[in-house]
file query05.txt (compact mmCIF, C-alpha atoms)
# COMPACT_ATOMS: atom_id res chain seq x y z
CA MET A 1 -1.44 52.86 -3.47
CA PRO A 2 0.49 56.16 -3.22
CA ASP A 3 3.20 56.32 -5.89
CA HIS A 4 5.54 58.64 -3.97
CA LEU A 5 6.69 59.89 -0.58
CA LEU A 6 7.85 63.27 0.67
CA LEU A 7 11.26 63.54 2.32
CA ASN A 8 12.29 66.92 3.73
CA GLY A 9 9.86 68.55 1.31
CA LYS A 10 11.22 66.68 -1.75
CA LYS A 11 9.02 64.30 -3.73
CA PHE A 12 10.47 60.87 -4.52
CA TYR A 13 8.57 58.36 -6.64
CA LEU A 14 8.60 54.77 -5.42
CA ASP A 15 9.82 53.38 -8.74
CA GLU A 16 12.87 55.64 -8.71
CA ILE A 17 13.52 54.75 -5.07
CA GLN A 18 13.30 51.03 -5.88
CA HIS A 19 15.95 51.36 -8.59
CA TYR A 20 17.84 54.06 -6.68
CA SER A 21 17.80 56.19 -9.79
CA PHE A 22 17.08 59.75 -8.70
CA ARG A 23 16.80 62.83 -10.81
CA GLN A 24 20.08 64.73 -10.73
CA SER A 25 18.18 67.89 -9.85
CA ILE A 26 17.49 66.48 -6.36
CA PRO A 27 20.54 66.74 -4.08
CA LEU A 28 20.63 64.35 -1.10
CA ASP A 29 22.09 64.89 2.35
CA GLY A 30 23.31 62.01 4.52
CA TYR A 31 20.05 61.47 6.36
CA GLU A 32 18.02 61.46 3.16
CA ALA A 33 20.41 58.99 1.50
CA LYS A 34 20.21 56.55 4.43
CA THR A 35 16.42 56.83 4.59
CA LEU A 36 16.05 56.19 0.88
CA GLU A 37 18.51 53.29 1.10
CA PHE A 38 16.20 51.54 3.58
CA CYS A 39 13.17 52.30 1.39
CA LYS A 40 14.98 50.87 -1.65
CA ASN A 41 15.80 47.66 0.21
CA TRP A 42 12.21 47.27 1.36
CA LEU A 43 10.77 47.86 -2.10
CA GLN A 44 13.25 45.34 -3.54
CA GLY A 45 12.07 42.69 -1.07
CA VAL A 46 15.15 42.40 1.13
CA GLN A 47 14.42 39.86 3.88
CA GLU A 48 16.86 40.78 6.69
CA TYR A 49 17.59 44.21 8.18
CA PRO A 50 20.41 45.15 10.57
CA VAL A 51 19.10 47.52 13.26
CA GLN A 52 21.06 49.31 15.97
CA THR A 53 19.63 49.20 19.48
CA SER A 54 19.41 52.58 21.19
CA GLY A 55 21.91 52.03 23.98
CA SER A 56 19.67 53.69 26.57
CA THR A 57 20.04 50.86 29.09
CA GLY A 58 23.16 49.09 27.89
CA ALA A 59 25.80 49.07 25.21
CA PRO A 60 24.31 49.62 21.71
CA LYS A 61 24.38 46.50 19.57
CA LEU A 62 23.46 45.50 16.06
CA ILE A 63 20.69 42.91 15.66
CA GLU A 64 19.05 41.38 12.59
CA LEU A 65 15.29 41.69 12.11
CA SER A 66 13.43 39.64 9.54
CA ARG A 67 10.98 41.14 7.09
CA ASP A 68 8.11 38.93 8.30
CA ARG A 69 8.57 40.13 11.90
CA MET A 70 8.57 43.75 10.75
CA GLU A 71 5.46 43.18 8.65
CA ALA A 72 3.70 41.53 11.61
CA SER A 73 4.51 44.52 13.81
CA ALA A 74 3.31 46.96 11.16
CA GLN A 75 0.02 45.11 10.64
CA ARG A 76 -0.61 45.20 14.39
CA THR A 77 -0.08 48.97 14.54
CA LEU A 78 -2.33 49.53 11.53
CA ARG A 79 -5.07 47.51 13.22
CA ILE A 80 -4.74 49.10 16.67
CA PHE A 81 -4.94 52.64 15.34
CA ASP A 82 -7.38 51.92 12.49
CA LEU A 83 -5.02 53.18 9.79
CA GLN A 84 -6.47 52.69 6.31
CA PRO A 85 -4.94 52.85 2.81
CA GLU A 86 -4.40 56.45 1.71
CA ASP A 87 -4.19 57.73 5.30
CA LYS A 88 -1.42 60.28 5.87
CA VAL A 89 1.41 59.69 8.36
CA LEU A 90 4.26 61.90 9.50
CA VAL A 91 7.64 60.27 10.11
CA CYS A 92 9.69 62.51 12.41
CA MET A 93 11.77 59.99 14.39
CA ASN A 94 15.21 58.84 13.30
CA THR A 95 14.78 56.30 10.50
CA GLU A 96 18.10 54.63 11.35
CA TYR A 97 16.50 53.26 14.54
CA ILE A 98 13.51 51.02 15.04
CA ALA A 99 10.86 53.68 15.85
CA GLY A 100 11.42 55.70 12.68
CA MET A 101 12.19 52.65 10.57
CA MET A 102 8.89 51.01 11.52
CA MET A 103 6.98 54.14 10.53
CA LEU A 104 8.37 53.64 7.02
CA VAL A 105 7.38 49.96 7.07
CA ARG A 106 3.86 50.85 8.24
CA GLY A 107 3.62 53.26 5.32
CA PHE A 108 4.57 50.60 2.78
CA VAL A 109 2.53 47.77 4.33
CA GLY A 110 -0.54 49.97 4.90
CA LYS A 111 -0.31 51.82 1.56
CA LEU A 112 -0.19 55.13 3.39
CA HIS A 113 0.88 58.59 2.26
CA VAL A 114 4.24 59.13 3.96
CA THR A 115 5.84 62.46 4.82
CA ILE A 116 9.33 62.21 6.32
CA ILE A 117 11.30 64.97 7.99
CA GLU A 118 14.66 64.89 9.71
CA PRO A 119 14.10 64.67 13.49
CA ILE A 120 13.79 68.09 15.15
CA GLY A 121 12.26 69.41 18.36
CA ASN A 122 9.08 70.72 16.72
CA PRO A 123 8.15 68.44 13.80
CA LEU A 124 5.15 70.52 12.73
CA ALA A 125 7.41 73.55 12.20
CA SER A 126 9.08 71.82 9.23
CA VAL A 127 6.07 70.70 7.23
CA ASP A 128 3.66 72.57 4.99
CA PRO A 129 1.33 74.56 7.30
CA GLU A 130 -1.61 73.25 5.28
CA ALA A 131 -0.54 69.61 5.60
CA GLU A 132 -2.84 67.29 7.55
CA PHE A 133 -1.96 63.92 9.05
CA ASP A 134 -3.85 60.95 10.43
CA PHE A 135 -1.07 59.48 12.57
CA VAL A 136 2.33 60.38 13.98
CA ALA A 137 4.85 58.76 16.32
CA MET A 138 7.04 61.10 18.36
CA VAL A 139 9.32 61.18 21.35
CA PRO A 140 7.63 62.95 24.30
CA LEU A 141 9.88 66.01 24.01
CA GLN A 142 8.64 66.64 20.47
CA LEU A 143 4.99 66.75 21.52
CA GLN A 144 5.87 68.88 24.54
CA THR A 145 7.71 71.34 22.28
CA ILE A 146 4.73 71.57 19.91
CA LEU A 147 2.34 72.30 22.77
CA GLU A 148 4.65 74.87 24.40
CA GLN A 149 5.99 76.68 21.33
CA THR A 150 3.14 76.39 18.82
CA PRO A 151 -0.18 75.98 20.66
CA ASP A 152 -1.88 77.05 17.44
CA LYS A 153 -1.01 73.59 16.09
CA VAL A 154 -3.41 71.90 18.53
CA SER A 155 -6.14 71.93 15.90
CA LYS A 156 -3.81 70.03 13.53
CA LEU A 157 -3.09 67.46 16.22
CA ASN A 158 -6.78 67.03 16.97
CA GLN A 159 -7.48 66.09 13.35
CA MET A 160 -5.39 62.93 13.75
CA LYS A 161 -6.62 59.45 14.60
CA ALA A 162 -3.90 58.99 17.21
CA ILE A 163 -0.52 60.17 18.48
CA LEU A 164 1.96 57.52 19.63
CA LEU A 165 4.72 58.50 22.05
CA GLY A 166 7.81 56.38 22.57
CA GLY A 167 11.54 56.35 23.07
CA ALA A 168 11.47 57.95 26.52
CA PRO A 169 9.23 58.16 29.59
CA VAL A 170 6.33 60.63 29.54
CA GLY A 171 6.76 63.16 32.34
CA LYS A 172 3.96 64.34 34.61
CA ALA A 173 3.97 67.81 33.07
CA LEU A 174 3.36 66.43 29.57
CA GLU A 175 0.78 63.96 30.83
CA MET A 176 -1.13 66.90 32.31
CA ALA A 177 -0.69 68.96 29.14
CA VAL A 178 -2.14 66.32 26.78
CA GLN A 179 -5.44 66.38 28.67
CA VAL A 180 -6.43 69.39 26.53
CA LEU A 181 -6.09 67.32 23.34
CA LYS A 182 -9.06 65.59 21.78
CA VAL A 183 -6.87 63.26 19.72
CA PRO A 184 -6.12 60.00 21.56
CA VAL A 185 -2.53 60.07 22.84
CA PHE A 186 -0.83 56.77 23.63
CA GLN A 187 2.42 55.85 25.31
CA SER A 188 4.11 52.83 23.79
CA TYR A 189 6.00 49.96 25.38
CA GLY A 190 8.50 48.09 23.28
CA MET A 191 12.10 47.86 22.16
CA THR A 192 14.18 47.07 19.12
CA GLU A 193 14.07 43.36 19.96
CA THR A 194 10.24 43.40 19.85
CA VAL A 195 10.24 45.39 16.58
CA SER A 196 8.77 48.53 18.15
CA HIS A 197 5.76 48.56 20.49
CA ILE A 198 3.94 45.47 21.74
CA ALA A 199 1.66 47.32 24.19
CA VAL A 200 0.22 50.81 24.63
CA ARG A 201 -1.53 52.86 27.30
CA ARG A 202 -3.95 55.75 26.77
CA LEU A 203 -2.75 59.01 28.31
CA ASN A 204 -5.78 61.27 27.89
CA GLY A 205 -9.55 61.34 27.69
CA HIS A 206 -12.07 59.16 29.49
CA GLU A 207 -10.20 56.00 28.48
CA LYS A 208 -6.82 56.95 29.98
CA THR A 209 -5.15 54.33 32.16
CA ASP A 210 -2.03 53.81 34.25
CA TYR A 211 -1.32 50.43 32.66
CA TYR A 212 -0.31 49.04 29.28
CA THR A 213 -2.39 46.60 27.27
CA ALA A 214 -1.06 44.18 24.67
CA PRO A 215 -3.18 42.42 22.01
CA PRO A 216 -4.09 38.78 22.78
CA GLU A 217 -1.54 37.33 20.35
CA VAL A 218 1.28 38.78 22.48
CA PHE A 219 2.07 36.45 25.41
CA LEU A 220 3.20 38.15 28.61
CA GLY A 221 4.74 36.70 31.76
CA THR A 222 7.27 37.48 34.47
CA ASP A 223 10.53 35.90 35.58
CA ARG A 224 11.63 35.21 39.17
CA ARG A 225 12.66 38.88 39.57
CA GLY A 226 9.20 40.09 38.56
CA CYS A 227 10.48 41.35 35.20
CA LEU A 228 8.32 41.18 32.09
CA THR A 229 8.78 38.38 29.55
CA ILE A 230 7.40 38.63 26.01
CA SER A 231 6.70 36.05 23.33
CA ALA A 232 5.01 36.86 20.03
CA ASP A 233 5.32 36.68 16.27
CA VAL A 234 7.59 39.74 16.41
CA THR A 235 10.03 37.84 18.63
CA GLY A 236 10.08 34.88 16.24
CA GLY A 237 8.38 32.78 18.92
CA ASP A 238 11.31 33.24 21.28
CA THR A 239 10.75 34.53 24.80
CA ILE A 240 12.43 37.85 25.48
CA VAL A 241 13.30 38.54 29.11
CA THR A 242 13.30 42.26 29.88
CA ASN A 243 14.72 44.25 32.78
CA ASP A 244 11.36 45.92 33.40
CA LEU A 245 9.66 45.27 36.71
CA VAL A 246 5.90 44.96 36.19
CA GLU A 247 2.65 44.05 37.87
CA LEU A 248 0.69 41.70 35.61
CA LEU A 249 -3.03 42.49 35.40
CA GLU A 250 -6.04 40.92 33.71
CA ASN A 251 -6.82 41.31 30.00
CA ASN A 252 -3.17 40.99 28.93
CA SER A 253 -2.26 44.21 30.70
CA PHE A 254 0.55 45.24 33.01
CA ARG A 255 1.56 48.15 35.19
CA TRP A 256 5.18 49.24 34.68
CA LEU A 257 7.03 49.67 37.97
CA GLY A 258 10.53 50.54 36.81
CA ARG A 259 13.82 49.03 35.70
CA ALA A 260 15.41 46.27 37.73
CA ASP A 261 18.77 47.94 37.08
CA HIS A 262 17.41 51.25 38.38
CA THR A 263 17.12 50.02 41.94
CA VAL A 264 19.47 51.93 44.26
CA ASN A 265 20.66 50.55 47.59
CA SER A 266 21.17 53.58 49.83
CA GLY A 267 22.09 52.81 53.41
CA GLY A 268 20.54 49.35 53.10
CA VAL A 269 17.23 50.71 51.80
CA LYS A 270 16.20 49.86 48.22
CA VAL A 271 14.96 52.85 46.25
CA GLN A 272 13.36 52.63 42.79
CA LEU A 273 14.53 55.55 40.62
CA GLU A 274 11.29 55.69 38.62
CA LYS A 275 9.28 56.26 41.80
CA VAL A 276 11.57 59.17 42.69
CA GLU A 277 11.27 60.60 39.16
CA SER A 278 7.48 60.36 39.21
CA ALA A 279 7.31 62.30 42.48
CA LEU A 280 9.89 64.79 41.22
CA GLY A 281 7.86 65.43 38.07
CA GLU A 282 4.70 66.08 40.07
CA ALA A 283 6.50 68.39 42.49
CA LEU A 284 8.15 70.44 39.75
CA ALA A 285 4.87 70.73 37.84
CA ASP A 286 3.17 71.89 41.05
CA MET A 287 5.86 74.58 41.36
CA GLY A 288 5.31 75.67 37.76
CA ILE A 289 8.77 74.49 36.73
CA SER A 290 9.04 72.74 33.36
CA ARG A 291 12.41 71.13 32.69
CA ARG A 292 13.91 67.73 32.06
CA PHE A 293 15.53 65.69 34.82
CA PHE A 294 16.50 62.23 35.98
CA ALA A 295 17.31 60.48 39.24
CA ALA A 296 20.53 58.51 39.66
CA ALA A 297 23.03 57.36 42.25
CA LEU A 298 26.66 58.12 43.02
CA PRO A 299 29.04 55.99 45.08
CA ASP A 300 29.03 56.94 48.76
CA GLU A 301 31.38 55.61 51.46
CA ALA A 302 28.76 55.74 54.19
CA LEU A 303 25.57 54.87 52.29
CA GLY A 304 26.97 52.69 49.52
CA GLU A 305 24.99 54.70 46.98
CA ARG A 306 23.87 58.32 47.34
CA LEU A 307 20.63 59.29 45.62
CA ILE A 308 20.83 62.41 43.43
CA ALA A 309 18.60 64.28 40.99
CA VAL A 310 20.00 65.97 37.90
CA LEU A 311 18.00 68.84 36.40
CA GLU A 312 18.41 70.58 33.08
CA GLY A 313 18.99 74.32 33.14
CA SER A 314 20.20 76.83 35.69
CA PRO A 315 20.33 75.87 39.39
CA LEU A 316 17.25 76.30 41.52
CA THR A 317 17.54 78.82 44.33
CA ASP A 318 18.06 77.58 47.88
CA VAL A 319 14.45 78.48 48.63
CA GLU A 320 13.21 76.55 45.58
CA GLU A 321 15.28 73.49 46.51
CA THR A 322 13.91 73.59 50.06
CA ASN A 323 10.37 73.94 48.71
CA LEU A 324 10.98 71.05 46.30
CA LYS A 325 12.23 68.76 49.06
CA GLY A 326 9.20 69.67 51.14
CA LYS A 327 6.85 68.64 48.35
CA LEU A 328 8.79 65.41 47.80
CA SER A 329 8.49 64.52 51.49
CA LYS A 330 4.70 64.26 51.06
CA SER A 331 4.99 61.27 48.71
CA LEU A 332 8.48 59.85 49.38
CA SER A 333 10.21 58.47 52.44
CA LYS A 334 13.33 60.25 53.69
CA TYR A 335 15.46 57.58 52.00
CA GLU A 336 13.81 58.31 48.62
CA ILE A 337 14.41 62.07 48.65
CA PRO A 338 17.55 63.04 46.68
CA LYS A 339 20.49 63.95 48.90
CA GLN A 340 21.90 66.22 46.22
CA PHE A 341 20.67 68.20 43.21
CA GLY A 342 22.94 68.58 40.21
CA TYR A 343 22.46 70.83 37.20
CA LEU A 344 23.53 70.69 33.56
CA PRO A 345 22.84 73.29 30.83
CA ARG A 346 21.55 70.45 28.65
CA LEU A 347 21.05 66.82 29.58
CA PRO A 348 22.94 64.40 27.30
CA GLU A 349 20.92 62.19 24.97
CA THR A 350 21.39 58.94 23.12
CA ALA A 351 21.17 58.90 19.32
CA THR A 352 17.41 58.24 19.59
CA GLY A 353 16.74 61.20 21.87
CA LYS A 354 16.53 59.33 25.18
CA LEU A 355 18.15 60.84 28.25
CA ASP A 356 21.59 59.34 28.75
CA ARG A 357 21.89 58.79 32.51
CA ARG A 358 25.34 57.26 32.37
CA ASN A 359 26.95 60.20 30.57
CA GLY A 360 24.89 62.65 32.60
CA ILE A 361 26.29 61.34 35.87
CA THR A 362 29.87 61.72 34.66
CA MET A 363 29.22 65.38 33.78
CA ILE A 364 28.08 66.39 37.26

call {"tool": "encode", "arguments": {"input": "query05.txt", "output": "structure tokens"}}
result
Amino acid sequence: MPDHLLLNGKKFYLDEIQHYSFRQSIPLDGYEAKTLEFCKNWLQGVQEYPVQTSGSTGAPKLIELSRDRMEASAQRTLRIFDLQPEDKVLVCMNTEYIAGMMMLVRGFVGKLHVTIIEPIGNPLASVDPEAEFDFVAMVPLQLQTILEQTPDKVSKLNQMKAILLGGAPVGKALEMAVQVLKVPVFQSYGMTETVSHIAVRRLNGHEKTDYYTAPPEVFLGTDRRGCLTISADVTGGDTIVTNDLVELLENNSFRWLGRADHTVNSGGVKVQLEKVESALGEALADMGISRRFFAAALPDEALGERLIAVLEGSPLTDVEETNLKGKLSKSLSKYEIPKQFGYLPRLPETATGKLDRRNGITMI
């Protein structure tokens, strides 16, 4: 078993982490101290861990996760991606939240070599250029940044067993971009309450799909709204009712349709925001425009809710907007085409890097 981990380029031995007795020559910043605090608790056998939910779809809250649920989740990830003792993993998501935290747990449970860096846009820019990894979990924007800013790193990515994307939807532009990668790229489905992912879908290669598949020990269902329900060891046997509209398929798979709370009623017509965003992503990619965006609704006296799209960066020209609406009309009804385009220099994010729709709307 590896006797140390790397954190922001600094080597910490597991025995000194366990006793929280670090050499005075190693100064710690706040992120490093919090990361090592979690590692200490794990190595000391702490059984309960308070974890903050992301707040992407509701108010953030603190929940308690048990050690056995976290271990069960870690074992499942190790099995799915064939991670073996001594494999090397890169932790580049915030370790104060479930995605980054579970990367640490996978490292300990799987006896992996762990390299941790503070979350940044291009994770491979902060590690030793000679370093090689077998597995990494990232938010989609991180992988997109690597591919756009450092295409020379593709060979490093292709040496990995898998790349797992989570924390935010994967846009059409990125889904097209990952087709050049030989390494299997997966999009995850999960949440803090399910202790990270419970299902994945392949994004590239001959095995890519448009649906998620969960292992057989995860029990899936739907409620009367058509929203996914989940019961598994990671839920403590309880059934978690989500707000995600899905189409259940064979082989413990499902197709994600969108959020139940992302349904807009505009002039009596129900519009699913995710459908609008999917079409918007394809249209922008077709126009050669790469930027982040989201669809939302504003109150409207006549329509009840007015559909809008908010794009990051400088405003499109009138000609570009007209062209964009024309492309959208090929796949959307007139009720599903945004009535207004808004622009922000940078779209607001939650602490875990997800787009923050609620704050974004207030800034328009």

call {"tool": "atom_distance", "arguments": {"input": "query05.txt", "atom1": "atom CA of Asp356 of chain A", "atom2": "atom CA of Trp256 of chain A"}}
result
20.2 Å

call {"tool": "residues_around", "arguments": {"input": "query05.txt", "residues": "Asp15 of chain A", "least_positions_apart": "5", "cutoff": "12 Å", "atoms": "only C-alpha atoms", "output": "JSON list (two decimals) with C-alpha atoms, in the frame of the given file"}}
result
[["chain", "number", "residue", "atom", "x", "y", "z"],
["A", 2, "PRO", "CA", 0.49, 56.16, -3.22],
["A", 3, "ASP", "CA", 3.20, 56.32, -5.89],
["A", 4, "HIS", "CA", 5.54, 58.64, -3.97],
["A", 5, "LEU", "CA", 6.69, 59.89, -0.58],
["A", 20, "TYR", "CA", 17.84, 54.06, -6.68],
["A", 21, "SER", "CA", 17.80, 56.19, -9.79],
["A", 22, "PHE", "CA", 17.08, 59.75, -8.70],
["A", 23, "ARG", "CA", 16.80, 62.83, -10.81],
["A", 36, "LEU", "CA", 16.05, 56.19, 0.88],
["A", 39, "CYS", "CA", 13.17, 52.30, 1.39],
["A", 40, "LYS", "CA", 14.98, 50.87, -1.65],
["A", 43, "LEU", "CA", 10.77, 47.86, -2.10],
["A", 44, "GLN", "CA", 13.25, 45.34, -3.54]]

call {"tool": "atom_distance", "arguments": {"input": "query05.txt", "atom1": "atom CA of Met138 of chain A", "atom2": "atom CA of Leu347 of chain A"}}
result
18.8 Å

call {"tool": "closest_residue", "arguments": {"input": "query05.txt", "among": "A:Val180, A:Leu157, A:Val241, A:Ala351", "to": "Ala260 of chain A", "atoms": "all atoms listed in the file"}}
result
A:Val241

call {"tool": "closest_residue", "arguments": {"input": "query05.txt", "among": "A:Gly353, A:Pro338, A:Pro216, A:Pro123", "to": "Leu311 of chain A", "atoms": "all atoms listed in the file"}}
result
A:Pro338

call {"tool": "atom_distance", "arguments": {"input": "query05.txt", "atom1": "atom CA of Leu324 of chain A", "atom2": "atom CA of Leu273 of chain A"}}
result
16.9 Å

call {"tool": "residues_near_point", "arguments": {"input": "query05.txt", "point": "(3.7, 44.7, 17.3)", "cutoff": "12 Å", "atoms": "only C-alpha atoms", "output": "MDAnalysis selection string"}}
result
chainID A and resid 68:81 98:99 102 106 188:200 213:219 230:236

call {"tool": "closest_residue", "arguments": {"input": "query05.txt", "among": "A:Gly268, A:Gly258, A:Gly221, A:Pro169", "to": "Leu355 of chain A", "atoms": "all atoms listed in the file"}}
result
A:Pro169

call {"tool": "closest_residue", "arguments": {"input": "query05.txt", "among": "A:Ile361, A:Val127, A:Val246, A:Leu90", "to": "Ile308 of chain A", "atoms": "all atoms listed in the file"}}
result
A:Ile361
